[in-house]
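Colleague: Sending over a structure as structure tokens; questions will come in a sec.
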Amino acid sequence: MSVRVRFAPSPTGLLHVGALRTALFDHLFAKKHGGVDILRLEDTDRSRFNPDSESEFIESLSFVGIEFDEGPHAGGNFGPYRQSERKAAGLYEPWIAKIMELGAAYKAFETPEELEEMRNVQSANKAQVGYYGGAWRDATPEQVAEAEAAGMPYVIRQRIPRNRTVTMQDPIRGSISWETNLLDDPVLIKADGMPTYHFASMVDDRLMEITHVIRGEEWLSSAPKHLLLLETFGWPAPVILHCPVIVGNDGKKLSKRHGATRVLDYIAEGYLPDALLNFVALIGWSPGDEREDMTMDEMIQAFSLEGLQPSPGRFDIEKLRWLNGAKIRAMEPSVLLAALLSYINRPATMQFWSEKEQEENQPSPTAVRDALLLFARTAIRDRAYALDIVKLEQERVTTLADFGLAGHFFLVDEPEMDPKAVSKWFTQPHVGELFNYLLERLTAPRAPVGGPVDYEHASVEWCEALIRGYAEDKGFEKLGPVVHPTRVALTGKTTGPGLFELMAALGPDRMVARLQRAKALL
Ligand code: GLU
């Protein structure tokens, strides 16, 4: 039988990293086994339904490279793929009738007030809170008929059998057992006739021929109810796997407190889809060896349900940053330039940086935005220069957004001068002479070092020879006193890419303008 898995989100809001991980595991598992990856919208809870959520899910997942083989947008032979539409099509009716006929479910007519009262009494008596039969589990057919005739609203509850042990083989947790006496009778069909998750999901998994269910750990405690439901219908259980919870660095379940976790926000912040996927996969999963930096194909090859760990997976943003930097460095520069430009040109990127709040010790978000825009404008005028900038900063940045400010000095005529760097290096006695020396050679028709120079393209070697030439001429044993003031003059700061490389990228005209400006500051 071919593998069929489904990602079954409830469309209630945004796509966060936890759901991304579940969707990714589905995808990796399906692709590994040449199977089918299905998107099913579990939208039966109309009170929590959010009409924008479905496109948020589909678009975010597609953006990071997860496409479904079947789904509301992709079609397929097992539709409809929205549970509300499945309900409207009457797909659940036969199974509701069947479970009633089998006596494995019953109608319960309690009002919300009665249920509340029941819970209060249970709490006061320190009893287990939940519906363990109430007034209706054992009601006579006459009582039920009477309530129905009186038009009382009701829900249909699952009749959890008493005095049994339900056992499940979980691929990562081993054998797990539950005593049925500790399980309450869940609602299967709500008063408005809508099935709940418990019912719709089990019926749909069956009708859609799902072989493996990969879902969040929050559903582990519902598993025995689901197994009992499957047993009632005589359906074999799919393999059910519960992904470990994701915790923040404080060991607590990942939530808003830990900062933004929306997938598209990470993308807008400048994380590469590949890095995000790689990172999310490693939260609670391991390929079984030391590898961390992996491509989608490598993850597909290495993926197995057994590689998941039952213990909580840690969301360590530093690992995401490391992976992102590693992937940026591994990219072919022209591919990276294209990725960077399409990143900048996405409206969501600009919106993110326009709306982001200023964080302590972080550059101003609008400064980041403006620097990125300046980069894109420069790239239109001078693609070769933009490519040089990418090549040089590729070694140093962590995110795509970092390219803006890291490369800013390349883009403006008058880079901001770091006052500390200026007072440290521009006060040295030889610096005036150094700048004059450099200016003379940069403007001379023929260069005295390294042979004739093509002024449009002073090569890295030529620039190195220029700097070394000064040091040798003037008897400097170390290059530091030459390199540092030159770097500050050209970039305004003391850190950045290699000096000879950045000089070559700037080219003679920009170097001349900047050295003249620096001279004026002496
Ligand atoms: N709708 C459920 C959720 O969003 C799906 C759980 C499952 O995959 O079975 O958590």
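In the structure tokens, each chain is lettered A, B, ... as it comes, each chain's residues begin at 1, and ligands are numbered from 1 in order of appearance.
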Check every protein, DNA and RNA residue against ligand 1, keep those with an atom at most 9 Å away (counting only C-alpha atoms and all ligand atoms), and present them as a list of chain:residue names.
Modeller: A:Arg6, A:Phe7, A:Ala8, A:Pro9, A:Ser10, A:Pro11, A:Thr12, A:Ala19, A:Thr22, A:Arg40, A:Leu41, A:Glu42, A:Asp43, A:Tyr197, A:His198, A:Ser201, A:Met202, A:Asp205, A:Val213, A:Ile214, A:Arg215, A:Gly216, A:Glu218, A:Trp219
Colleague: Restricting it to N, CA and C atoms, dump the selection as a PDB file, in the first residue's frame.
Modeller:
```pdb
ATOM      1  N   ARG A   6      -1.312  13.141   5.708  1.00  0.00           N
ATOM      2  CA  ARG A   6      -2.053  14.391   5.565  1.00  0.00           C
ATOM      3  C   ARG A   6      -1.572  15.383   6.603  1.00  0.00           C
ATOM      4  N   PHE A   7      -1.480  16.642   6.163  1.00  0.00           N
ATOM      5  CA  PHE A   7      -1.280  17.740   7.093  1.00  0.00           C
ATOM      6  C   PHE A   7      -2.673  18.331   7.267  1.00  0.00           C
ATOM      7  N   ALA A   8      -3.127  18.395   8.520  1.00  0.00           N
ATOM      8  CA  ALA A   8      -4.550  18.702   8.752  1.00  0.00           C
ATOM      9  C   ALA A   8      -4.736  19.870   9.708  1.00  0.00           C
ATOM     10  N   PRO A   9      -4.302  21.051   9.306  1.00  0.00           N
ATOM     11  CA  PRO A   9      -4.415  22.180  10.233  1.00  0.00           C
ATOM     12  C   PRO A   9      -5.857  22.649  10.395  1.00  0.00           C
ATOM     13  N   SER A  10      -6.117  23.244  11.531  1.00  0.00           N
ATOM     14  CA  SER A  10      -7.371  23.965  11.718  1.00  0.00           C
ATOM     15  C   SER A  10      -7.102  25.399  11.284  1.00  0.00           C
ATOM     16  N   PRO A  11      -7.852  25.898  10.324  1.00  0.00           N
ATOM     17  CA  PRO A  11      -7.543  27.238   9.806  1.00  0.00           C
ATOM     18  C   PRO A  11      -8.034  28.329  10.754  1.00  0.00           C
ATOM     19  N   THR A  12      -7.278  28.541  11.794  1.00  0.00           N
ATOM     20  CA  THR A  12      -7.703  29.510  12.808  1.00  0.00           C
ATOM     21  C   THR A  12      -6.803  30.739  12.828  1.00  0.00           C
ATOM     22  N   ALA A  19       3.588  24.165  13.436  1.00  0.00           N
ATOM     23  CA  ALA A  19       2.816  23.540  12.356  1.00  0.00           C
ATOM     24  C   ALA A  19       3.699  23.329  11.122  1.00  0.00           C
ATOM     25  N   THR A  22       5.363  20.028  11.565  1.00  0.00           N
ATOM     26  CA  THR A  22       4.491  18.887  11.273  1.00  0.00           C
ATOM     27  C   THR A  22       4.326  18.714   9.763  1.00  0.00           C
ATOM     28  N   ARG A  40      -5.460  18.831   4.310  1.00  0.00           N
ATOM     29  CA  ARG A  40      -6.889  18.765   4.660  1.00  0.00           C
ATOM     30  C   ARG A  40      -7.178  19.866   5.670  1.00  0.00           C
ATOM     31  N   LEU A  41      -8.154  20.677   5.381  1.00  0.00           N
ATOM     32  CA  LEU A  41      -8.498  21.776   6.286  1.00  0.00           C
ATOM     33  C   LEU A  41      -9.538  21.308   7.290  1.00  0.00           C
ATOM     34  N   GLU A  42      -9.177  21.356   8.549  1.00  0.00           N
ATOM     35  CA  GLU A  42     -10.099  20.910   9.594  1.00  0.00           C
ATOM     36  C   GLU A  42     -10.815  22.143  10.142  1.00  0.00           C
ATOM     37  N   ASP A  43     -11.853  22.520   9.423  1.00  0.00           N
ATOM     38  CA  ASP A  43     -12.510  23.801   9.689  1.00  0.00           C
ATOM     39  C   ASP A  43     -13.903  23.624  10.283  1.00  0.00           C
ATOM     40  N   TYR A 197     -13.289  17.432  15.891  1.00  0.00           N
ATOM     41  CA  TYR A 197     -12.030  16.898  15.379  1.00  0.00           C
ATOM     42  C   TYR A 197     -11.963  15.378  15.534  1.00  0.00           C
ATOM     43  N   HIS A 198     -12.315  14.895  16.735  1.00  0.00           N
ATOM     44  CA  HIS A 198     -12.189  13.458  17.026  1.00  0.00           C
ATOM     45  C   HIS A 198     -12.888  12.615  15.955  1.00  0.00           C
ATOM     46  N   SER A 201     -11.875  13.676  11.935  1.00  0.00           N
ATOM     47  CA  SER A 201     -10.509  13.320  11.584  1.00  0.00           C
ATOM     48  C   SER A 201     -10.367  11.810  11.368  1.00  0.00           C
ATOM     49  N   MET A 202     -10.995  11.028  12.251  1.00  0.00           N
ATOM     50  CA  MET A 202     -10.891   9.574  12.106  1.00  0.00           C
ATOM     51  C   MET A 202     -11.609   9.088  10.847  1.00  0.00           C
ATOM     52  N   ASP A 205      -9.528  10.266   7.829  1.00  0.00           N
ATOM     53  CA  ASP A 205      -8.296   9.493   7.658  1.00  0.00           C
ATOM     54  C   ASP A 205      -8.625   8.161   6.970  1.00  0.00           C
ATOM     55  N   VAL A 213      -0.298   8.951  10.421  1.00  0.00           N
ATOM     56  CA  VAL A 213      -0.744  10.220  10.977  1.00  0.00           C
ATOM     57  C   VAL A 213       0.417  10.814  11.775  1.00  0.00           C
ATOM     58  N   ILE A 214       0.865  11.982  11.356  1.00  0.00           N
ATOM     59  CA  ILE A 214       1.927  12.671  12.092  1.00  0.00           C
ATOM     60  C   ILE A 214       1.293  13.926  12.668  1.00  0.00           C
ATOM     61  N   ARG A 215       1.236  14.034  13.958  1.00  0.00           N
ATOM     62  CA  ARG A 215       0.538  15.169  14.551  1.00  0.00           C
ATOM     63  C   ARG A 215       1.232  15.598  15.836  1.00  0.00           C
ATOM     64  N   GLY A 216       0.760  16.694  16.412  1.00  0.00           N
ATOM     65  CA  GLY A 216       1.406  17.261  17.590  1.00  0.00           C
ATOM     66  C   GLY A 216       1.165  16.431  18.840  1.00  0.00           C
ATOM     67  N   GLU A 218       0.151  17.285  21.568  1.00  0.00           N
ATOM     68  CA  GLU A 218      -1.055  17.636  22.324  1.00  0.00           C
ATOM     69  C   GLU A 218      -2.199  16.658  22.057  1.00  0.00           C
ATOM     70  N   TRP A 219      -2.074  15.846  20.999  1.00  0.00           N
ATOM     71  CA  TRP A 219      -3.132  14.881  20.687  1.00  0.00           C
ATOM     72  C   TRP A 219      -2.867  13.500  21.269  1.00  0.00           C
TER      73      TRP A 219
END
```
Colleague: Looking only at the backbone, which of the residues in region 398-469 of chain A does DSSP tag as alpha helix (DSSP H), as a ChimeraX atom specification?
Modeller: /A:402-406,408-411,419-425,431-443,460-469
Colleague: The selected residues should be written to file as a PDB file, in the first residue's frame (atoms: C-alpha atoms).
Modeller:
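So the final result, stored in again_31.pdb, reads:
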```pdb
ATOM      1  CA  ASP A 402      22.176  41.907   7.005  1.00  0.00           C
ATOM      2  CA  PHE A 403      23.390  42.643   3.488  1.00  0.00           C
ATOM      3  CA  GLY A 404      21.739  46.068   3.689  1.00  0.00           C
ATOM      4  CA  LEU A 405      23.693  47.594   6.537  1.00  0.00           C
ATOM      5  CA  ALA A 406      26.815  45.449   6.104  1.00  0.00           C
ATOM      6  CA  HIS A 408      25.880  50.166   3.192  1.00  0.00           C
ATOM      7  CA  PHE A 409      29.305  51.799   2.968  1.00  0.00           C
ATOM      8  CA  PHE A 410      29.603  50.501  -0.580  1.00  0.00           C
ATOM      9  CA  LEU A 411      26.331  52.146  -1.548  1.00  0.00           C
ATOM     10  CA  PRO A 419      34.188  58.643  15.512  1.00  0.00           C
ATOM     11  CA  LYS A 420      36.232  56.217  17.617  1.00  0.00           C
ATOM     12  CA  ALA A 421      37.908  54.769  14.552  1.00  0.00           C
ATOM     13  CA  VAL A 422      38.596  58.262  13.245  1.00  0.00           C
ATOM     14  CA  SER A 423      40.169  59.465  16.485  1.00  0.00           C
ATOM     15  CA  LYS A 424      42.259  56.323  16.819  1.00  0.00           C
ATOM     16  CA  TRP A 425      43.641  56.108  13.275  1.00  0.00           C
ATOM     17  CA  VAL A 431      48.302  59.188   7.865  1.00  0.00           C
ATOM     18  CA  GLY A 432      48.263  62.431   5.873  1.00  0.00           C
ATOM     19  CA  GLU A 433      51.250  61.254   3.906  1.00  0.00           C
ATOM     20  CA  LEU A 434      49.652  57.823   3.448  1.00  0.00           C
ATOM     21  CA  PHE A 435      46.487  59.306   1.988  1.00  0.00           C
ATOM     22  CA  ASN A 436      48.495  61.532  -0.330  1.00  0.00           C
ATOM     23  CA  TYR A 437      50.543  58.558  -1.476  1.00  0.00           C
ATOM     24  CA  LEU A 438      47.432  56.555  -2.240  1.00  0.00           C
ATOM     25  CA  LEU A 439      45.728  59.481  -3.984  1.00  0.00           C
ATOM     26  CA  GLU A 440      48.746  60.131  -6.103  1.00  0.00           C
ATOM     27  CA  ARG A 441      48.921  56.553  -7.325  1.00  0.00           C
ATOM     28  CA  LEU A 442      45.204  56.236  -7.783  1.00  0.00           C
ATOM     29  CA  THR A 443      45.061  59.305  -9.961  1.00  0.00           C
ATOM     30  CA  VAL A 460      42.708  42.923  -5.890  1.00  0.00           C
ATOM     31  CA  GLU A 461      46.390  42.233  -6.666  1.00  0.00           C
ATOM     32  CA  TRP A 462      46.972  45.791  -7.761  1.00  0.00           C
ATOM     33  CA  CYS A 463      45.374  47.149  -4.576  1.00  0.00           C
ATOM     34  CA  GLU A 464      47.448  44.807  -2.448  1.00  0.00           C
ATOM     35  CA  ALA A 465      50.610  45.890  -4.226  1.00  0.00           C
ATOM     36  CA  LEU A 466      49.654  49.515  -3.637  1.00  0.00           C
ATOM     37  CA  ILE A 467      49.270  49.050   0.126  1.00  0.00           C
ATOM     38  CA  ARG A 468      52.348  46.864   0.441  1.00  0.00           C
ATOM     39  CA  GLY A 469      54.283  49.297  -1.718  1.00  0.00           C
TER      40      GLY A 469
END
```
Colleague: Out of region 97-280 of chain A, which residues get strand (DSSP E) from DSSP, as an MDAnalysis selection string?
Modeller: chainID A and resid 105:108 155:158 165:170 174:179 187:189 212:216 239:243 246:247
Colleague: Could you tell me how far CA of Leu372 (chain A) sits from CA of Leu506 (chain A), in Å to one decimal place?
Modeller: 18.3 Å
Colleague: Sorted by chain and rising residue number, list the residues of region 360-384 of chain A at most 12 Å from region 263-276 of chain A (counting only C-alpha atoms), each with its closest atom pair and distance in Å to one decimal, as a tab-separated table.
Modeller:
```
residue	atom	partner	partner_atom	distance
A:Pro365	CA	A:Glu269	CA	10.2
A:Val368	CA	A:Glu269	CA	10.3
A:Arg369	CA	A:Glu269	CA	10.5
A:Leu372	CA	A:Gly270	CA	11.0
```
Colleague: Got time to write the residues from that selection, C-alpha atoms, as a PDB file, in the first residue's frame?
Modeller:
```pdb
ATOM      1  CA  PRO A 365      14.478  48.590  11.402  1.00  0.00           C
ATOM      2  CA  VAL A 368      17.715  48.211   7.562  1.00  0.00           C
ATOM      3  CA  ARG A 369      14.821  48.698   5.148  1.00  0.00           C
ATOM      4  CA  LEU A 372      18.125  47.147   1.450  1.00  0.00           C
TER       5      LEU A 372
END
```
Colleague: Taking only residues of region 147-234 of chain A that have an atom at most 9 Å from an atom of region 99-110 of chain A, what is each one's shortest atom pair and its distance in Å to one decimal, using only C-alpha atoms, in chain and number order, as a Markdown table?
Modeller:
```
| residue | atom | partner | partner_atom | distance |
| --- | --- | --- | --- | --- |
| A:Ala147 | CA | A:Phe109 | CA | 7.4 |
| A:Glu148 | CA | A:Phe109 | CA | 8.7 |
| A:Met152 | CA | A:Phe109 | CA | 6.6 |
| A:Pro153 | CA | A:Phe109 | CA | 6.1 |
| A:Tyr154 | CA | A:Phe109 | CA | 4.3 |
| A:Val155 | CA | A:Ala108 | CA | 5.4 |
| A:Ile156 | CA | A:Lys107 | CA | 4.5 |
| A:Arg157 | CA | A:Ala105 | CA | 5.3 |
| A:Gln158 | CA | A:Ala105 | CA | 4.3 |
| A:Arg159 | CA | A:Ala105 | CA | 4.8 |
| A:Ile160 | CA | A:Ala104 | CA | 7.5 |
| A:Pro161 | CA | A:Ala104 | CA | 8.3 |
| A:Asp185 | CA | A:Ala105 | CA | 8.8 |
| A:Leu188 | CA | A:Ala105 | CA | 8.2 |
| A:Leu229 | CA | A:Ala104 | CA | 8.2 |
| A:Thr232 | CA | A:Ala104 | CA | 7.0 |
| A:Phe233 | CA | A:Ile99 | CA | 7.5 |
```
Colleague: Could you take the residues named above and write them with all heavy atoms, as a compact mmCIF listing (two decimals), in the first residue's frame?
Modeller:
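Saved file out38.txt follows:
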```txt
# COMPACT_ATOMS: atom_id res chain seq x y z
N ALA A 147 -36.87 13.78 25.17
CA ALA A 147 -36.05 15.00 25.08
C ALA A 147 -36.01 15.50 23.64
O ALA A 147 -36.11 16.70 23.38
CB ALA A 147 -34.64 14.71 25.58
N GLU A 148 -35.90 14.57 22.73
CA GLU A 148 -35.85 14.95 21.31
C GLU A 148 -37.17 15.55 20.88
O GLU A 148 -37.19 16.58 20.17
CB GLU A 148 -35.54 13.72 20.45
CG GLU A 148 -34.11 13.70 20.00
CD GLU A 148 -33.83 12.56 19.05
OE1 GLU A 148 -34.00 11.39 19.44
OE2 GLU A 148 -33.44 12.87 17.91
N MET A 152 -35.15 19.53 22.59
CA MET A 152 -33.94 19.91 23.34
C MET A 152 -32.68 19.69 22.49
O MET A 152 -32.55 18.64 21.86
CB MET A 152 -33.84 19.05 24.63
CG MET A 152 -34.81 19.48 25.72
SD MET A 152 -34.94 18.23 27.00
CE MET A 152 -33.32 18.29 27.72
N PRO A 153 -31.79 20.67 22.45
CA PRO A 153 -30.55 20.46 21.68
C PRO A 153 -29.69 19.39 22.32
O PRO A 153 -29.71 19.22 23.54
CB PRO A 153 -29.85 21.82 21.74
CG PRO A 153 -30.62 22.68 22.65
CD PRO A 153 -31.81 21.95 23.16
N TYR A 154 -28.94 18.68 21.51
CA TYR A 154 -28.07 17.62 22.06
C TYR A 154 -26.77 17.52 21.26
O TYR A 154 -26.69 17.99 20.12
CB TYR A 154 -28.78 16.26 22.04
CG TYR A 154 -29.12 15.77 20.65
CD1 TYR A 154 -28.19 15.06 19.88
CD2 TYR A 154 -30.38 16.03 20.10
CE1 TYR A 154 -28.51 14.63 18.61
CE2 TYR A 154 -30.71 15.59 18.82
CZ TYR A 154 -29.76 14.90 18.08
OH TYR A 154 -30.07 14.48 16.81
N VAL A 155 -25.82 16.92 21.91
CA VAL A 155 -24.57 16.55 21.23
C VAL A 155 -24.52 15.03 21.18
O VAL A 155 -25.24 14.37 21.94
CB VAL A 155 -23.33 17.09 21.96
CG1 VAL A 155 -23.35 18.61 22.02
CG2 VAL A 155 -23.21 16.50 23.36
N ILE A 156 -23.69 14.50 20.32
CA ILE A 156 -23.48 13.04 20.32
C ILE A 156 -22.10 12.78 20.92
O ILE A 156 -21.11 13.37 20.49
CB ILE A 156 -23.58 12.47 18.90
CG1 ILE A 156 -25.02 12.64 18.39
CG2 ILE A 156 -23.18 10.99 18.88
CD1 ILE A 156 -25.28 12.11 17.00
N ARG A 157 -22.09 11.95 21.95
CA ARG A 157 -20.84 11.64 22.63
C ARG A 157 -20.42 10.19 22.38
O ARG A 157 -21.26 9.31 22.20
CB ARG A 157 -21.00 11.83 24.15
CG ARG A 157 -21.02 13.30 24.56
CD ARG A 157 -21.11 13.43 26.07
NE ARG A 157 -21.21 14.83 26.45
CZ ARG A 157 -20.16 15.62 26.69
NH1 ARG A 157 -18.93 15.15 26.60
NH2 ARG A 157 -20.35 16.89 27.02
N GLN A 158 -19.12 10.00 22.42
CA GLN A 158 -18.58 8.64 22.26
C GLN A 158 -18.77 7.89 23.57
O GLN A 158 -18.49 8.43 24.65
CB GLN A 158 -17.09 8.74 21.91
CG GLN A 158 -16.44 7.42 21.59
CD GLN A 158 -14.96 7.60 21.21
OE1 GLN A 158 -14.45 8.73 21.20
NE2 GLN A 158 -14.29 6.51 20.91
N ARG A 159 -19.25 6.66 23.48
CA ARG A 159 -19.42 5.85 24.69
C ARG A 159 -18.10 5.07 24.90
O ARG A 159 -17.87 4.04 24.27
CB ARG A 159 -20.57 4.86 24.49
CG ARG A 159 -20.97 4.09 25.75
CD ARG A 159 -21.97 2.99 25.44
NE ARG A 159 -23.17 3.47 24.75
CZ ARG A 159 -24.22 4.01 25.36
NH1 ARG A 159 -24.27 4.09 26.67
NH2 ARG A 159 -25.27 4.43 24.66
N ILE A 160 -17.25 5.64 25.73
CA ILE A 160 -15.96 4.99 25.98
C ILE A 160 -16.23 3.75 26.84
O ILE A 160 -16.85 3.85 27.90
CB ILE A 160 -15.00 5.94 26.73
CG1 ILE A 160 -14.73 7.22 25.91
CG2 ILE A 160 -13.70 5.24 27.12
CD1 ILE A 160 -13.83 7.04 24.70
N PRO A 161 -15.81 2.58 26.37
CA PRO A 161 -16.10 1.38 27.15
C PRO A 161 -15.39 1.40 28.50
O PRO A 161 -14.33 2.01 28.64
CB PRO A 161 -15.57 0.24 26.27
CG PRO A 161 -14.64 0.88 25.31
CD PRO A 161 -15.05 2.31 25.15
N ASP A 185 -16.07 10.85 28.00
CA ASP A 185 -16.80 10.60 26.75
C ASP A 185 -16.77 11.86 25.90
O ASP A 185 -17.52 12.81 26.16
CB ASP A 185 -18.27 10.23 27.05
CG ASP A 185 -18.39 8.84 27.67
OD1 ASP A 185 -17.38 8.13 27.78
OD2 ASP A 185 -19.53 8.48 28.06
N LEU A 188 -18.62 13.95 19.79
CA LEU A 188 -18.27 13.61 18.41
C LEU A 188 -19.00 14.52 17.42
O LEU A 188 -18.44 14.91 16.40
CB LEU A 188 -18.64 12.15 18.11
CG LEU A 188 -17.96 11.08 18.97
CD1 LEU A 188 -18.42 9.69 18.53
CD2 LEU A 188 -16.44 11.17 18.87
N LEU A 229 -12.51 4.48 18.59
CA LEU A 229 -13.43 4.83 17.50
C LEU A 229 -13.14 3.97 16.26
O LEU A 229 -14.04 3.44 15.62
CB LEU A 229 -13.23 6.32 17.18
CG LEU A 229 -14.34 7.11 16.54
CD1 LEU A 229 -15.63 7.01 17.35
CD2 LEU A 229 -13.92 8.59 16.45
N THR A 232 -14.39 0.55 16.81
CA THR A 232 -15.85 0.48 16.66
C THR A 232 -16.24 0.24 15.20
O THR A 232 -17.09 -0.58 14.90
CB THR A 232 -16.49 1.80 17.14
OG1 THR A 232 -16.19 1.96 18.51
CG2 THR A 232 -17.99 1.80 16.93
N PHE A 233 -15.58 0.98 14.34
CA PHE A 233 -15.91 0.84 12.92
C PHE A 233 -15.21 -0.35 12.26
O PHE A 233 -15.43 -0.62 11.09
CB PHE A 233 -15.53 2.13 12.17
CG PHE A 233 -16.43 3.30 12.46
CD1 PHE A 233 -15.90 4.53 12.85
CD2 PHE A 233 -17.81 3.18 12.33
CE1 PHE A 233 -16.74 5.61 13.10
CE2 PHE A 233 -18.66 4.27 12.59
CZ PHE A 233 -18.12 5.49 12.98
```
Colleague: Need the shell around His212 (chain A): protein/DNA/RNA residues with any atom at most 12 Å away, counting only C-alpha atoms. Skip same-chain ones fewer than 3 positions apart. Format as a VMD selection string?
Modeller: chain A and resid 1 to 7 25 to 27 29 to 30 33 35 to 38 170 to 171 205 to 206 208 to 209 215 236 to 242 305
Colleague: Give the answer as one residue: which of A:Phe199, A:Trp353, A:Phe49, A:Trp285 has the shortest atom-to-atom distance to Lys87 (chain A), using only C-alpha atoms?
Modeller: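 Ranking A:Phe199, A:Trp353, A:Phe49, A:Trp285 by distance to Lys87 (chain A), first place goes to A:Phe199.
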Colleague: Kindly give the distance, in Å, that separates CA of Leu277 (chain A) and CA of Pro363 (chain A), rounded to a single decimal.
Modeller: 26.5 Å
